[in-house]
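Below is one structure, written out as structure tokens; the observations come after it.
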Amino acid sequence: MSSAAQPLSEPQVLAHTKRRLFPNDNEPSSYVVADTQFSQDEWRPGSPIDPAVRDCLAPFNHVEIGGGFPDLVGVSPLESEVLAVERVGDEPPLVAIEAKGVTSAGVDTERGIVQAYDRLHEANAAYVAAPARAISETDRTLARELNVGVLGVDSNGEVAVLEPARVVGNRSSSEATALRFQAGAQGVADKSFSLNHPKNYLGYPLAHYADGDTAELLSAYKVVSAVDDARQGAAFLGLIEDGPRVELTSLGAEVVRFGKDRYGSVEAALEAFEDWYRSRTRFIDLAPAWGHLARRVVFEYPATEWLVTELQTMHDDWQPEPSLVDLVVHLHTVQPTLAIELFIRGTDDARRRVLTENGDLRREALADGSVYHSPTVFQLKAMLYHTGILTERGAEPHRLEPTADVWALREPL
């Protein structure tokens, strides 16, 4: 065990490390969470966590990687300086960090290195971060042998890369998959569905393919006026690849083919959308062919299959009409990371209210609609209703009564 005069606590070390490794964690293809132990008011009895440090580390979740719970874990591209290789593959690496700070017994850097090494059973890269003066040559040698990166933090918050991490390939757990989902184009962390009718998203690839300005066509045919929201949702559902230049995906192209086959042209297909303007009728009943197409599209969204599978399981276990609270409690026992990321807002307040220091659910907090993520409980649920998957439509969090909000399959097996 090394000793150090630097009075940096573990939360402080971790916050400086997050700023260094993930300066753009809100960017596309990035998502980073800190362990729930850092969401508390105190790190040790009598040692409060600075609110600024807690804000830096948010959002929080209790993610199991490699048989343990890293202090910080995320999916993000990393600078070449912090890696021992330049090329890490097409996907951003899954990164795990173990932080060590000053305690009455010193700084346990060796334990941090061993913990980081254990995370490499599922992570692509792992680091130990500690006060720079506490890191010895012996620590660095051990880390190199174990393919663990070493980050030295000074009292000013500067983080030096003492040993770059080696990127490794490994198996992917359900928890790792959940973080990759959040970091991907279809994650619900920072962007969101903001429209609650699938027709608004089906219309986008048609208008994009048609001759003319996409926004003007969507407005002229009364598809949707919130063009940016429709574009974002179309990307979430995998209908387009969004970027400086919008491109249809194979799924989006299939929507265009469907419209042309049924109506002869995309313009004629768009004309059909005017008949559905502001209709509250379930879409699959209002326009069965389009509703079934929308069902296929919505089912391609990664979260849909998981939700349907688990709702069927609950139905088989004599819970045919679970409430939102029942559903989240069940999902948390199956895939805790994904359950939290999909349903609970990423704010410090919401995660602290819902999760204990050890990542357990506080069921009583789930009765408050304000902790829920609107894109899931309102927009996604509404689309699952319109496509005939669920029995009830969604509700905005401020109108939500979670204990009475029913999530039931319309056609259970």
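Residue numbering restarts at 1 in every chain; chains get A, B, ... in the order shown in the structure tokens, and ligands count up from 1 in that same order.
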
Show which residues sit within 10 Å of A:Ala303, as a PyMOL selection string. Count only C-alpha atoms, and ignore same-chain residues fewer than 5 positions away.
-> chain A and resi 178+181+186-187+298+308+338-339+342+376+380

Return as a PyMOL selection string the full set of residues in stretch 121-350 of chain A whose backbone-based DSSP assignment is helix (DSSP H, G or I).
-> chain A and resi 132-134+137-145+174-183+198-209+214-220+227-236+250-263+266-276+283-286+288-300+302-316+324-334+336-343+348-350

Hey, what's within 8 Å of A:Ala253 if we count only C-alpha atoms and toss same-chain stuff fewer than 5 positions away? As a ChimeraX atom specification, please?
-> /A:205,239,248

Quick one: pick out all strand (DSSP E) residues within stretch 169-284 of chain A from a backbone DSSP run and write them as a ChimeraX atom specification.
-> /A:240-241,247-248

Export all heavy atoms of the chosen residues as a PDB file, in the first residue's frame?
ATOM      1  N   ILE A 240     -33.548   6.356 -40.568  1.00  0.00           N
ATOM      2  CA  ILE A 240     -32.555   7.178 -41.262  1.00  0.00           C
ATOM      3  C   ILE A 240     -31.248   7.156 -40.477  1.00  0.00           C
ATOM      4  O   ILE A 240     -31.235   6.838 -39.287  1.00  0.00           O
ATOM      5  CB  ILE A 240     -33.016   8.645 -41.423  1.00  0.00           C
ATOM      6  CG1 ILE A 240     -33.218   9.293 -40.052  1.00  0.00           C
ATOM      7  CG2 ILE A 240     -34.265   8.733 -42.283  1.00  0.00           C
ATOM      8  CD1 ILE A 240     -33.454  10.801 -40.110  1.00  0.00           C
ATOM      9  N   GLU A 241     -30.189   7.460 -41.166  1.00  0.00           N
ATOM     10  CA  GLU A 241     -28.906   7.737 -40.520  1.00  0.00           C
ATOM     11  C   GLU A 241     -28.749   9.245 -40.525  1.00  0.00           C
ATOM     12  O   GLU A 241     -28.624   9.864 -41.578  1.00  0.00           O
ATOM     13  CB  GLU A 241     -27.760   7.059 -41.270  1.00  0.00           C
ATOM     14  CG  GLU A 241     -27.788   5.541 -41.149  1.00  0.00           C
ATOM     15  CD  GLU A 241     -26.603   4.881 -41.835  1.00  0.00           C
ATOM     16  OE1 GLU A 241     -25.747   5.639 -42.377  1.00  0.00           O
ATOM     17  OE2 GLU A 241     -26.533   3.651 -41.857  1.00  0.00           O
ATOM     18  N   GLU A 247     -29.395   9.962 -44.649  1.00  0.00           N
ATOM     19  CA  GLU A 247     -29.443   8.807 -45.542  1.00  0.00           C
ATOM     20  C   GLU A 247     -30.502   7.848 -45.040  1.00  0.00           C
ATOM     21  O   GLU A 247     -30.642   7.616 -43.836  1.00  0.00           O
ATOM     22  CB  GLU A 247     -28.081   8.096 -45.585  1.00  0.00           C
ATOM     23  CG  GLU A 247     -26.926   8.952 -46.093  1.00  0.00           C
ATOM     24  CD  GLU A 247     -26.971   9.178 -47.595  1.00  0.00           C
ATOM     25  OE1 GLU A 247     -27.769   8.479 -48.281  1.00  0.00           O
ATOM     26  OE2 GLU A 247     -26.226  10.043 -48.090  1.00  0.00           O
ATOM     27  N   LEU A 248     -31.255   7.261 -45.961  1.00  0.00           N
ATOM     28  CA  LEU A 248     -32.216   6.234 -45.576  1.00  0.00           C
ATOM     29  C   LEU A 248     -31.483   4.958 -45.181  1.00  0.00           C
ATOM     30  O   LEU A 248     -30.518   4.567 -45.824  1.00  0.00           O
ATOM     31  CB  LEU A 248     -33.169   5.920 -46.735  1.00  0.00           C
ATOM     32  CG  LEU A 248     -34.151   6.995 -47.178  1.00  0.00           C
ATOM     33  CD1 LEU A 248     -34.990   6.471 -48.340  1.00  0.00           C
ATOM     34  CD2 LEU A 248     -35.056   7.422 -46.033  1.00  0.00           C
TER      35      LEU A 248
END

Write out as number ranges by chain the residues lying within 10 Å of A:Thr214, counting only C-alpha atoms and excluding same-chain residues fewer than 3 positions away.
-> A: 203-211, 217-220, 227, 231

Keeping C-alpha atoms for every residue in the selection just given, could you write it to a file as a PDB file, in the first residue's frame?
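File produced: part_38.pdb:
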ATOM      1  CA  GLY A 203     -43.617  10.212 -42.825  1.00  0.00           C
ATOM      2  CA  TYR A 204     -40.044  11.408 -42.539  1.00  0.00           C
ATOM      3  CA  PRO A 205     -38.365   8.897 -44.917  1.00  0.00           C
ATOM      4  CA  LEU A 206     -41.192   9.437 -47.415  1.00  0.00           C
ATOM      5  CA  ALA A 207     -40.731  13.210 -47.372  1.00  0.00           C
ATOM      6  CA  HIS A 208     -36.962  12.816 -47.498  1.00  0.00           C
ATOM      7  CA  TYR A 209     -37.205  10.609 -50.592  1.00  0.00           C
ATOM      8  CA  ALA A 210     -39.764  12.807 -52.385  1.00  0.00           C
ATOM      9  CA  ASP A 211     -38.747  15.697 -54.582  1.00  0.00           C
ATOM     10  CA  LEU A 217     -43.369  18.501 -47.572  1.00  0.00           C
ATOM     11  CA  LEU A 218     -44.018  17.325 -44.017  1.00  0.00           C
ATOM     12  CA  SER A 219     -45.903  20.550 -43.349  1.00  0.00           C
ATOM     13  CA  ALA A 220     -47.752  20.678 -46.673  1.00  0.00           C
ATOM     14  CA  VAL A 227     -39.687  18.517 -38.283  1.00  0.00           C
ATOM     15  CA  ARG A 231     -36.074  13.602 -37.853  1.00  0.00           C
TER      16      ARG A 231
END

Hey, what's within 8 Å of A:Arg352 if we count only C-alpha atoms and toss same-chain stuff fewer than 4 positions away? As a PyMOL selection string, please?
-> chain A and resi 36+39-40+60+348+356

Writer output for current selection, N, CA, C and O atoms, as a PDB file, in the first residue's frame:
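result-v3.pdb written:
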ATOM      1  N   THR A  36     -23.409   4.332  -7.797  1.00  0.00           N
ATOM      2  CA  THR A  36     -24.364   4.985  -6.902  1.00  0.00           C
ATOM      3  C   THR A  36     -23.771   5.376  -5.554  1.00  0.00           C
ATOM      4  O   THR A  36     -24.330   6.235  -4.860  1.00  0.00           O
ATOM      5  N   SER A  39     -23.348   9.045  -5.214  1.00  0.00           N
ATOM      6  CA  SER A  39     -24.521   9.920  -5.272  1.00  0.00           C
ATOM      7  C   SER A  39     -24.968  10.363  -3.885  1.00  0.00           C
ATOM      8  O   SER A  39     -25.894  11.163  -3.758  1.00  0.00           O
ATOM      9  N   GLN A  40     -24.319   9.852  -2.848  1.00  0.00           N
ATOM     10  CA  GLN A  40     -24.732  10.158  -1.482  1.00  0.00           C
ATOM     11  C   GLN A  40     -24.224  11.533  -1.030  1.00  0.00           C
ATOM     12  O   GLN A  40     -23.337  12.119  -1.651  1.00  0.00           O
ATOM     13  N   PHE A  60     -25.879   8.498 -12.225  1.00  0.00           N
ATOM     14  CA  PHE A  60     -25.416   7.380 -11.404  1.00  0.00           C
ATOM     15  C   PHE A  60     -26.198   6.107 -11.720  1.00  0.00           C
ATOM     16  O   PHE A  60     -27.379   6.149 -12.032  1.00  0.00           O
ATOM     17  N   ASP A 348     -29.368  13.839 -11.264  1.00  0.00           N
ATOM     18  CA  ASP A 348     -28.846  13.477  -9.938  1.00  0.00           C
ATOM     19  C   ASP A 348     -29.988  13.210  -8.975  1.00  0.00           C
ATOM     20  O   ASP A 348     -30.013  12.206  -8.253  1.00  0.00           O
ATOM     21  N   THR A 356     -30.476   3.209  -3.943  1.00  0.00           N
ATOM     22  CA  THR A 356     -29.688   3.323  -2.727  1.00  0.00           C
ATOM     23  C   THR A 356     -28.208   3.364  -3.080  1.00  0.00           C
ATOM     24  O   THR A 356     -27.820   3.208  -4.246  1.00  0.00           O
TER      25      THR A 356
END

May I ask which of the residues A:Leu324, A:Leu390, A:Val223, A:Leu331 is the closest one to A:Pro402, counting only C-alpha atoms?
-> A:Leu324

Counting only C-alpha atoms, the option among A:Asp50, A:Asp229, A:Glu163, A:Glu81 closest to A:Pro375 =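 Nearest to A:Pro375: A:Asp229.
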
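Nearest residue to A:Ile97 among A:Tyr127, A:Trp276, A:Phe283, A:Phe378 is A:Tyr127, counting only C-alpha atoms.
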
Spatial neighbours of A:Arg20, max dist 12 Å, only C-alpha atoms, sep filter under 2 positions, as a PyMOL selection string = chain A and resi 13-18+22-25+56+78-79+81-82+129+151-153+157-161

Nearest to A:Asn147, chosen from A:Leu384, A:Val95, A:Val168, A:Ile135, with only C-alpha atoms counted in the distances = A:Val168

Which residues come within 7 Å of stretch 64-70 of chain A, counting only C-alpha atoms, excluding same-chain residues fewer than 2 positions away, as a list in words?
->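 Residues meeting the cut-off are Asp35, His62, Leu72, Val73, Ala96, Ile97, Glu98, Asp118, Arg119, Leu120, His121, Glu122, Ala123 and Glu175 of chain A.
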
Residues as selected, N, CA, C and O atoms, written as a compact mmCIF listing (two decimals), in the first residue's frame, can you do that?
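To be explicit, this is the file written out as result_1.txt:
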# COMPACT_ATOMS: atom_id res chain seq x y z
N ASP A 35 -20.79 5.10 -10.13
CA ASP A 35 -21.48 4.19 -9.23
C ASP A 35 -22.34 4.96 -8.24
O ASP A 35 -22.02 6.10 -7.85
N HIS A 62 -25.67 1.50 -10.81
CA HIS A 62 -24.88 0.45 -10.17
C HIS A 62 -24.66 -0.64 -11.21
O HIS A 62 -25.50 -1.52 -11.39
N LEU A 72 -16.49 4.12 -12.12
CA LEU A 72 -16.97 4.84 -13.29
C LEU A 72 -16.90 3.88 -14.47
O LEU A 72 -15.92 3.15 -14.63
N VAL A 73 -17.93 3.87 -15.27
CA VAL A 73 -17.94 2.99 -16.44
C VAL A 73 -18.67 3.70 -17.57
O VAL A 73 -19.65 4.41 -17.34
N ALA A 96 -13.70 0.97 -17.95
CA ALA A 96 -13.98 0.89 -16.51
C ALA A 96 -12.86 1.58 -15.74
O ALA A 96 -11.68 1.44 -16.09
N ILE A 97 -13.22 2.31 -14.70
CA ILE A 97 -12.23 3.05 -13.90
C ILE A 97 -12.43 2.75 -12.43
O ILE A 97 -13.56 2.79 -11.92
N GLU A 98 -11.33 2.47 -11.76
CA GLU A 98 -11.33 2.33 -10.30
C GLU A 98 -10.51 3.48 -9.74
O GLU A 98 -9.37 3.70 -10.16
N ASP A 118 -9.68 -6.98 -12.89
CA ASP A 118 -10.87 -7.83 -12.87
C ASP A 118 -11.93 -7.33 -13.85
O ASP A 118 -12.67 -8.14 -14.43
N ARG A 119 -12.02 -6.02 -14.03
CA ARG A 119 -13.04 -5.48 -14.94
C ARG A 119 -12.75 -5.83 -16.39
O ARG A 119 -13.65 -5.77 -17.24
N LEU A 120 -11.50 -6.20 -16.70
CA LEU A 120 -11.14 -6.53 -18.08
C LEU A 120 -11.75 -7.84 -18.55
O LEU A 120 -11.60 -8.20 -19.72
N HIS A 121 -12.44 -8.55 -17.68
CA HIS A 121 -13.18 -9.73 -18.12
C HIS A 121 -14.35 -9.32 -19.01
O HIS A 121 -14.84 -10.13 -19.81
N GLU A 122 -14.80 -8.06 -18.88
CA GLU A 122 -15.91 -7.58 -19.70
C GLU A 122 -15.64 -6.21 -20.33
O GLU A 122 -16.23 -5.89 -21.35
N ALA A 123 -14.79 -5.42 -19.73
CA ALA A 123 -14.47 -4.10 -20.28
C ALA A 123 -13.38 -4.23 -21.35
O ALA A 123 -12.61 -5.18 -21.35
N GLU A 175 -25.20 -6.05 -18.91
CA GLU A 175 -24.97 -4.71 -18.36
C GLU A 175 -24.14 -3.87 -19.32
O GLU A 175 -24.41 -2.69 -19.55

For A:Thr313, the nearest of the candidates A:Tyr277, A:Val325, A:Val334, A:Pro48, counting only C-alpha atoms |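 For A:Thr313, the nearest of the given residues is A:Val334.
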
So how far away is atom CA of A:Glu401 from atom CA of A:Glu321, in Å?
-> 14.8 Å

Atom CA of A:Leu293 to atom CA of A:Ser374, straight-line distance in Å |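 According to the coordinates, atom CA of A:Ser374 and atom CA of A:Leu293 are separated by 24.3 Å.
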
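Atom CA of A:Asp275 to atom CA of A:Asp242 spans 28.2 Å [interatomic distance, one decimal].
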
Have a look at A:Ser370, A:Ser323, A:Ser225, A:Gln232 and name the one nearest to A:Pro397; count only C-alpha atoms.
-> A:Ser370
